[in-house]
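Peer 1: File follows, coords_5.txt with compact mmCIF, C-alpha atoms:
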```txt
# COMPACT_ATOMS: atom_id res chain seq x y z
CA ARG A 1 -195.49 -12.60 -49.03
CA LEU A 2 -196.07 -13.08 -45.31
CA LEU A 3 -193.89 -16.19 -45.35
CA ALA A 4 -191.11 -14.32 -47.21
CA ARG A 5 -191.21 -11.46 -44.69
CA ALA A 6 -191.05 -13.92 -41.80
CA LEU A 7 -188.04 -15.62 -43.32
CA ARG A 8 -186.29 -12.28 -43.82
CA CYS A 9 -186.94 -11.30 -40.19
CA ARG A 10 -185.62 -14.67 -39.03
CA ASN A 11 -182.44 -14.20 -41.08
CA ILE A 12 -181.87 -10.71 -39.64
CA LEU A 13 -182.32 -11.98 -36.09
CA TYR A 14 -179.88 -14.81 -36.81
CA MET A 15 -177.24 -12.36 -38.08
CA LEU A 16 -177.62 -10.10 -35.05
CA THR A 17 -177.29 -12.98 -32.58
CA ALA A 18 -174.77 -15.20 -34.33
CA ALA A 19 -172.42 -12.62 -35.85
CA PRO A 20 -169.36 -11.53 -33.83
CA LEU A 21 -169.40 -8.09 -32.21
CA ALA A 22 -167.49 -6.44 -35.05
CA ALA A 23 -170.04 -7.64 -37.60
CA ARG A 24 -172.97 -6.67 -35.38
CA SER A 25 -171.53 -3.18 -35.02
CA ALA A 26 -171.31 -2.88 -38.80
CA ILE A 27 -174.93 -4.04 -39.10
CA ALA A 28 -175.96 -1.49 -36.47
CA LEU A 29 -174.20 1.32 -38.35
CA CYS A 30 -175.96 0.36 -41.59
CA SER A 31 -179.30 0.26 -39.79
CA LEU A 32 -178.72 3.71 -38.30
CA ALA A 33 -177.83 5.14 -41.69
CA ALA A 34 -180.95 3.64 -43.25
CA ALA A 35 -183.12 5.11 -40.51
CA GLY A 36 -182.63 8.60 -41.90
CA ARG A 37 -180.27 11.42 -41.05
CA GLY A 38 -182.88 13.65 -39.48
CA HIS A 39 -183.89 11.15 -36.79
CA LEU A 40 -180.48 10.32 -35.35
CA GLY A 41 -180.04 10.95 -31.61
CA VAL A 42 -176.33 11.22 -30.86
CA VAL A 43 -174.70 11.30 -27.44
CA ILE A 44 -171.12 12.44 -26.86
CA ARG A 45 -169.29 10.94 -23.90
CA ALA A 46 -165.84 9.91 -22.72
CA ALA A 47 -164.89 6.31 -23.43
CA ASN A 48 -163.73 4.11 -20.59
CA LEU A 49 -160.57 2.41 -21.85
CA THR A 50 -160.72 -0.07 -18.96
CA ASP A 51 -164.20 -1.21 -20.05
CA PRO A 52 -164.00 -4.16 -22.49
CA GLY A 53 -167.28 -3.07 -24.12
CA ASP A 54 -166.03 0.45 -24.89
CA CYS A 55 -162.68 -0.89 -26.09
CA GLU A 56 -164.28 -3.42 -28.43
CA ALA A 57 -166.66 -0.81 -29.85
CA LEU A 58 -163.68 1.45 -30.59
CA CYS A 59 -161.66 -1.41 -32.06
CA CYS A 60 -164.50 -2.07 -34.49
CA VAL A 61 -164.00 1.34 -36.12
CA ARG A 62 -160.23 1.81 -35.78
CA LYS A 63 -157.48 0.38 -37.92
CA PRO A 64 -154.37 -1.12 -36.32
CA VAL A 65 -151.64 1.49 -35.79
CA GLU A 66 -149.15 -0.79 -34.04
CA PHE A 67 -147.75 -4.09 -35.27
CA VAL A 68 -149.14 -6.81 -33.03
CA VAL A 69 -149.66 -10.48 -33.82
CA GLU A 70 -153.43 -10.89 -33.60
CA GLN A 71 -155.85 -13.77 -33.82
CA GLY A 72 -155.82 -15.12 -37.36
CA SER A 73 -152.62 -13.29 -38.38
CA LYS A 74 -150.33 -15.19 -40.72
CA GLY A 75 -146.75 -15.56 -39.60
CA PHE A 76 -143.68 -17.52 -40.67
CA LEU A 77 -144.41 -19.97 -43.53
CA GLY A 78 -148.06 -18.91 -43.52
CA GLN A 79 -148.81 -20.23 -40.05
CA VAL A 80 -152.01 -18.75 -38.66
CA ALA A 81 -151.88 -17.40 -35.10
CA VAL A 82 -154.33 -19.08 -32.72
CA LEU A 83 -154.61 -17.27 -29.38
CA GLU A 84 -156.51 -17.68 -26.15
CA PRO A 85 -159.60 -15.43 -26.13
CA GLU A 86 -158.27 -13.05 -23.46
CA VAL A 87 -154.87 -12.79 -25.16
CA ALA A 88 -156.58 -12.14 -28.50
CA ARG A 89 -158.69 -9.37 -26.92
CA ARG A 90 -155.68 -7.67 -25.32
CA ARG A 91 -153.70 -7.73 -28.55
CA ARG A 92 -156.65 -6.40 -30.54
CA VAL A 93 -156.90 -3.47 -28.12
CA GLN A 94 -153.13 -2.91 -28.15
CA ALA A 95 -153.01 -2.73 -31.95
CA ARG A 96 -155.77 -0.11 -32.19
CA LEU A 97 -155.72 1.75 -28.86
CA GLY A 98 -152.17 1.21 -27.66
CA SER A 99 -151.05 4.78 -28.44
CA ALA A 100 -154.13 6.26 -26.77
CA ILE A 101 -153.58 4.20 -23.63
CA ARG A 102 -149.83 4.89 -23.58
CA ASP A 103 -150.34 8.66 -23.99
CA LYS A 104 -153.13 8.68 -21.38
CA ALA A 105 -155.52 10.12 -23.97
CA ARG A 106 -159.09 10.96 -23.13
CA VAL A 107 -161.07 9.38 -25.96
CA LEU A 108 -164.43 10.97 -26.71
CA ILE A 109 -167.00 8.96 -28.64
CA ALA A 110 -170.19 9.79 -30.48
CA ALA A 111 -172.81 7.04 -30.32
CA ASP A 112 -176.48 6.53 -31.06
CA ALA A 113 -178.44 7.44 -27.95
CA GLY A 114 -181.21 4.91 -28.54
CA ALA A 115 -179.22 1.90 -29.72
CA ALA A 116 -179.46 -1.26 -27.63
CA GLU A 117 -175.78 -2.02 -28.32
CA LEU A 118 -172.98 0.54 -28.45
CA ALA A 119 -172.21 1.54 -32.05
CA VAL A 120 -169.51 4.21 -32.30
CA ILE A 121 -170.08 6.68 -35.14
CA GLY A 122 -167.39 9.21 -34.23
CA THR A 123 -164.30 9.55 -32.06
CA VAL A 124 -161.58 12.02 -31.13
CA ASP A 125 -158.50 11.63 -28.90
CA CYS A 126 -157.44 14.38 -26.47
CA VAL A 127 -153.91 14.31 -25.04
CA ALA A 128 -152.72 16.79 -22.41
CA LEU A 129 -149.23 18.13 -23.21
CA PRO A 130 -146.94 20.41 -21.21
CA ALA A 131 -145.63 23.73 -22.51
CA GLY A 132 -142.91 23.38 -25.15
CA LYS A 133 -142.32 22.82 -28.83
CA GLY A 134 -145.02 21.47 -31.07
CA ARG A 135 -144.66 18.97 -33.90
CA ARG A 136 -141.54 20.62 -35.32
CA ALA A 137 -138.39 21.45 -33.37
CA MET A 138 -138.13 24.75 -35.27
CA GLY A 139 -141.72 25.69 -34.48
CA PRO A 140 -142.91 28.21 -31.90
CA GLU A 141 -143.06 27.63 -28.17
CA LEU A 142 -146.56 26.58 -27.17
CA PRO A 143 -148.30 26.80 -23.79
CA GLN A 144 -149.72 23.85 -21.92
CA ARG A 145 -152.27 22.46 -24.33
CA LEU A 146 -154.70 19.73 -25.25
CA LEU A 147 -153.61 17.96 -28.42
CA ILE A 148 -156.54 16.93 -30.62
CA ARG A 149 -155.95 13.92 -32.86
CA ASN A 150 -157.75 11.11 -34.68
CA LEU A 151 -160.98 13.01 -35.23
CA TRP A 152 -163.18 10.60 -37.18
CA VAL A 153 -166.86 10.38 -38.13
CA ALA A 154 -168.40 7.41 -39.97
CA GLU A 155 -168.97 8.28 -43.61
CA ALA A 156 -172.73 7.72 -43.43
CA PHE A 157 -173.03 10.36 -40.66
CA ARG A 158 -170.81 13.13 -41.98
CA ARG A 159 -172.10 16.68 -42.61
CA GLN A 160 -174.49 16.39 -39.67
CA GLY A 161 -172.46 18.41 -37.18
CA ILE A 162 -171.08 15.39 -35.31
CA GLY A 163 -167.45 16.40 -35.88
CA ARG A 164 -168.21 19.89 -34.56
CA ARG A 165 -169.92 18.41 -31.49
CA LEU A 166 -166.89 16.25 -30.78
CA MET A 167 -164.64 19.31 -31.05
CA ASP A 168 -166.97 21.28 -28.73
CA ALA A 169 -166.75 18.40 -26.24
CA ALA A 170 -162.95 18.54 -26.49
CA GLU A 171 -163.08 22.26 -25.59
CA GLU A 172 -165.28 21.47 -22.60
CA LEU A 173 -162.80 18.79 -21.54
CA ALA A 174 -159.94 21.30 -21.79
CA ALA A 175 -161.85 23.70 -19.57
CA GLU A 176 -162.40 20.94 -16.99
CA MET A 177 -158.65 20.26 -17.04
CA HIS A 178 -157.86 24.01 -16.72
CA ILE A 179 -156.12 24.01 -20.10
CA GLU A 180 -156.53 27.15 -22.20
CA PHE A 181 -155.01 26.12 -25.53
CA LEU A 182 -155.87 23.49 -28.16
CA SER A 183 -153.55 22.26 -30.91
CA LEU A 184 -153.83 19.79 -33.77
CA ASP A 185 -152.19 18.73 -37.02
CA VAL A 186 -154.01 18.48 -40.34
CA LEU A 187 -152.90 17.83 -43.91
CA ALA A 188 -152.75 21.07 -45.85
CA ASP A 189 -154.76 19.63 -48.75
CA ASN A 190 -157.54 18.25 -46.48
CA GLU A 191 -159.95 21.06 -47.30
CA PRO A 192 -163.04 19.71 -45.43
CA ALA A 193 -161.08 19.27 -42.19
CA ARG A 194 -159.40 22.67 -42.54
CA ARG A 195 -162.75 24.38 -43.07
CA LEU A 196 -164.09 22.71 -39.93
CA TYR A 197 -161.12 23.72 -37.79
CA GLU A 198 -160.89 27.26 -39.17
CA GLY A 199 -164.63 27.68 -38.63
CA LEU A 200 -164.06 26.74 -34.98
CA GLY A 201 -161.40 29.44 -34.60
CA PHE A 202 -158.17 27.49 -35.19
CA THR A 203 -155.33 29.40 -36.86
CA ASP A 204 -152.04 28.42 -38.49
CA LEU A 205 -149.27 28.31 -35.87
CA GLU A 206 -146.51 28.45 -38.49
CA PRO A 207 -147.74 30.63 -41.38
CA PRO A 208 -145.18 30.88 -44.19
CA PRO A 209 -143.76 34.35 -44.97
CA VAL A 210 -144.77 33.92 -48.62
CA PRO A 211 -147.60 31.89 -50.21
CA VAL A 212 -146.68 28.19 -50.48
CA PRO A 213 -148.71 25.47 -52.31
CA ASN A 214 -150.56 23.10 -50.03
CA TRP A 215 -148.88 20.03 -51.51
CA LEU A 216 -145.52 21.49 -50.55
CA ARG A 217 -146.45 22.32 -46.96
CA GLY A 218 -147.62 18.81 -46.03
CA ALA A 219 -149.11 18.88 -42.52
CA LEU A 220 -150.16 22.11 -40.82
CA SER A 221 -150.06 22.83 -37.09
CA LEU A 222 -153.17 24.70 -35.96
CA GLY A 223 -153.95 26.17 -32.57
CA LYS A 224 -156.73 27.89 -30.68
CA ALA A 225 -156.56 29.89 -27.46
CA LEU A 226 -159.54 29.32 -25.19
CA ALA A 227 -161.10 32.00 -23.01
CA PRO A 228 -160.17 31.62 -19.33
CA PRO A 229 -162.95 30.38 -17.03
CA GLY A 230 -165.49 33.14 -16.36
CA VAL A 231 -164.48 35.13 -19.44
CA THR A 232 -166.54 35.11 -22.61
CA ALA A 233 -165.10 34.81 -26.11
CA GLU A 234 -165.45 38.61 -26.53
CA GLY A 235 -163.22 39.18 -23.49
CA SER A 236 -165.85 40.47 -21.05
CA THR A 237 -166.21 38.93 -17.62
CA GLU A 238 -169.19 36.62 -17.29
CA MET A 239 -171.56 37.64 -14.48
CA ARG A 240 -172.48 34.66 -12.34
CA PRO A 241 -175.50 34.63 -10.01
CA MET A 242 -174.69 34.93 -6.34
```
Could I get this structure in the form of structure tokens?

Peer 2:
Amino acid sequence: RLLARALRCRNILYMLTAAPLAARSAIALCSLAAAGRGHLGVVIRAANLTDPGDCEALCCVRKPVEFVVEQGSKGFLGQVAVLEPEVARRRRVQARLGSAIRDKARVLIAADAGAAELAVIGTVDCVALPAGKGRRAMGPELPQRLLIRNLWVAEAFRRQGIGRRLMDAAEELAAEMHIEFLSLDVLADNEPARRLYEGLGFTDLEPPPVPVPNWLRGALSLGKALAPPGVTAEGSTEMRPM
């Protein structure tokens, strides 16, 4: 038994040291999930999109949203792309974080506070937008706002309040940027996400005049007005110590 345990430990150490970063991140996520939900210490912070470590950790949990020829991609006549390491890294980031970088998004991440290596278990993008129309040209005029998008929590860590903490951090970011309105889009039939947003005070920006089935509405635009600095949610002025 002792020999079998030693061999298992050796195999785990080999996987952690020999596997690429993407695989090690997956192993770390599985280990966190197995550790038990009640003992997870989570820290919320802004990602540094100029830091290769933060970018790679985000790339491990995000699917490509832009077409980019990456390392190992098959092209014309089945030829496999072979790229220099730095070129491969840049293209990997472009495919998964290109829109965030282009839109100058502030990406917030949730990570295990005690992990030796960064393992992202939740993210949300925050994009500052000027006053104007929202998603639809026929929609209402909106004030300067912080657009919330790509809220994601790893499946093993859902229903632990991590999504709510990311949204609270987005509100704090808006306050730091002197923005008093949040907006987001959500599929009408995504009941868990709608319950989260409505519980946080988001309301429908384009309510239909008559009841309409969710499958017919498609995506909903939700918004939330934030209290100005120094004013509480009830509207009273907050007394600050002199």

Peer 1: Starting from the point (-143.5, 23.4, -47.1), work out which residues of protein, DNA or RNA have an atom no more than 9 Å away when counting all atoms listed in the file; state them as a PyMOL selection string.

Peer 2: chain A and resi 208+212-219

Peer 1: Quick one: residues within 12 Å of A:Met138, only C-alpha atoms counted, chain neighbours fewer than 6 positions away excluded, as a PyMOL selection string?

Peer 2: chain A and resi 132+205-206

Peer 1: Nearest to A:Arg91 among A:Asn190, A:Gly72, A:Ala46, A:Leu108, with distances taken over only C-alpha atoms: which residue is it?

Peer 2: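 Smallest distance to A:Arg91 is found for A:Gly72.
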
Peer 1: Find the spatial neighbours of stretch 61-71 of chain A, counting all atoms listed in the file, within a cut-off of 8 Å - ignore same-chain residues fewer than 5 positions away - and output them as a PyMOL selection string.

Peer 2: chain A and resi 80-83+88+91-92+94-96+98+120

Peer 1: Nearest to A:Leu196: which of A:Ala111, A:Leu142, A:Leu58, A:Met167 is it, counting all atoms listed in the file?

Peer 2: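 Smallest distance to A:Leu196 is found for A:Met167.
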
Peer 1: Quick one: distance from atom CA of A:Ala113 to atom CA of A:Ser99 in Å, one decimal?

Peer 2: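 Result for atom CA of A:Ala113 versus atom CA of A:Ser99: 27.5 Å, one decimal.
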
Peer 1: Considering only C-alpha atoms, state which residue in the set A:Ser183, A:Gln79, A:Ser73, A:Thr203 is at the smallest distance from A:Glu171.

Peer 2: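 When distances to A:Glu171 are compared using only C-alpha atoms, the smallest one comes from A:Ser183.
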
Peer 1: Any idea what's packed within 12 Å of A:Val124, counting only C-alpha atoms, ignoring anything in its chain fewer than 5 positions away? Could you give it as a compact mmCIF listing (two decimals) with C-alpha atoms, in the coordinates of the input?

Peer 2:
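After the write, selection.txt holds the following:
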```txt
# COMPACT_ATOMS: atom_id res chain seq x y z
CA ILE A 44 -171.12 12.44 -26.86
CA ARG A 45 -169.29 10.94 -23.90
CA ALA A 46 -165.84 9.91 -22.72
CA ALA A 47 -164.89 6.31 -23.43
CA LEU A 58 -163.68 1.45 -30.59
CA ARG A 62 -160.23 1.81 -35.78
CA ALA A 100 -154.13 6.26 -26.77
CA ALA A 105 -155.52 10.12 -23.97
CA ARG A 106 -159.09 10.96 -23.13
CA VAL A 107 -161.07 9.38 -25.96
CA LEU A 108 -164.43 10.97 -26.71
CA ILE A 109 -167.00 8.96 -28.64
CA ALA A 110 -170.19 9.79 -30.48
CA LEU A 146 -154.70 19.73 -25.25
CA LEU A 147 -153.61 17.96 -28.42
CA ILE A 148 -156.54 16.93 -30.62
CA ARG A 149 -155.95 13.92 -32.86
CA ASN A 150 -157.75 11.11 -34.68
CA LEU A 151 -160.98 13.01 -35.23
CA TRP A 152 -163.18 10.60 -37.18
CA VAL A 153 -166.86 10.38 -38.13
CA ILE A 162 -171.08 15.39 -35.31
CA GLY A 163 -167.45 16.40 -35.88
CA ARG A 164 -168.21 19.89 -34.56
CA ARG A 165 -169.92 18.41 -31.49
CA LEU A 166 -166.89 16.25 -30.78
CA MET A 167 -164.64 19.31 -31.05
CA ASP A 168 -166.97 21.28 -28.73
CA ALA A 169 -166.75 18.40 -26.24
CA ALA A 170 -162.95 18.54 -26.49
CA GLU A 171 -163.08 22.26 -25.59
CA LEU A 173 -162.80 18.79 -21.54
CA LEU A 184 -153.83 19.79 -33.77
```

Peer 1: Hey, can you check how far atom CA of A:Ile121 sits from atom CA of A:Phe157?

Peer 2: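 According to the coordinates, atom CA of A:Ile121 and atom CA of A:Phe157 are separated by 7.3 Å.
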
Peer 1: So how far away is atom CA of A:Asp185 from atom CA of A:Pro143, in Å?

Peer 2: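 One can read the atom CA of A:Pro143 to atom CA of A:Asp185 distance as 16.0 Å.
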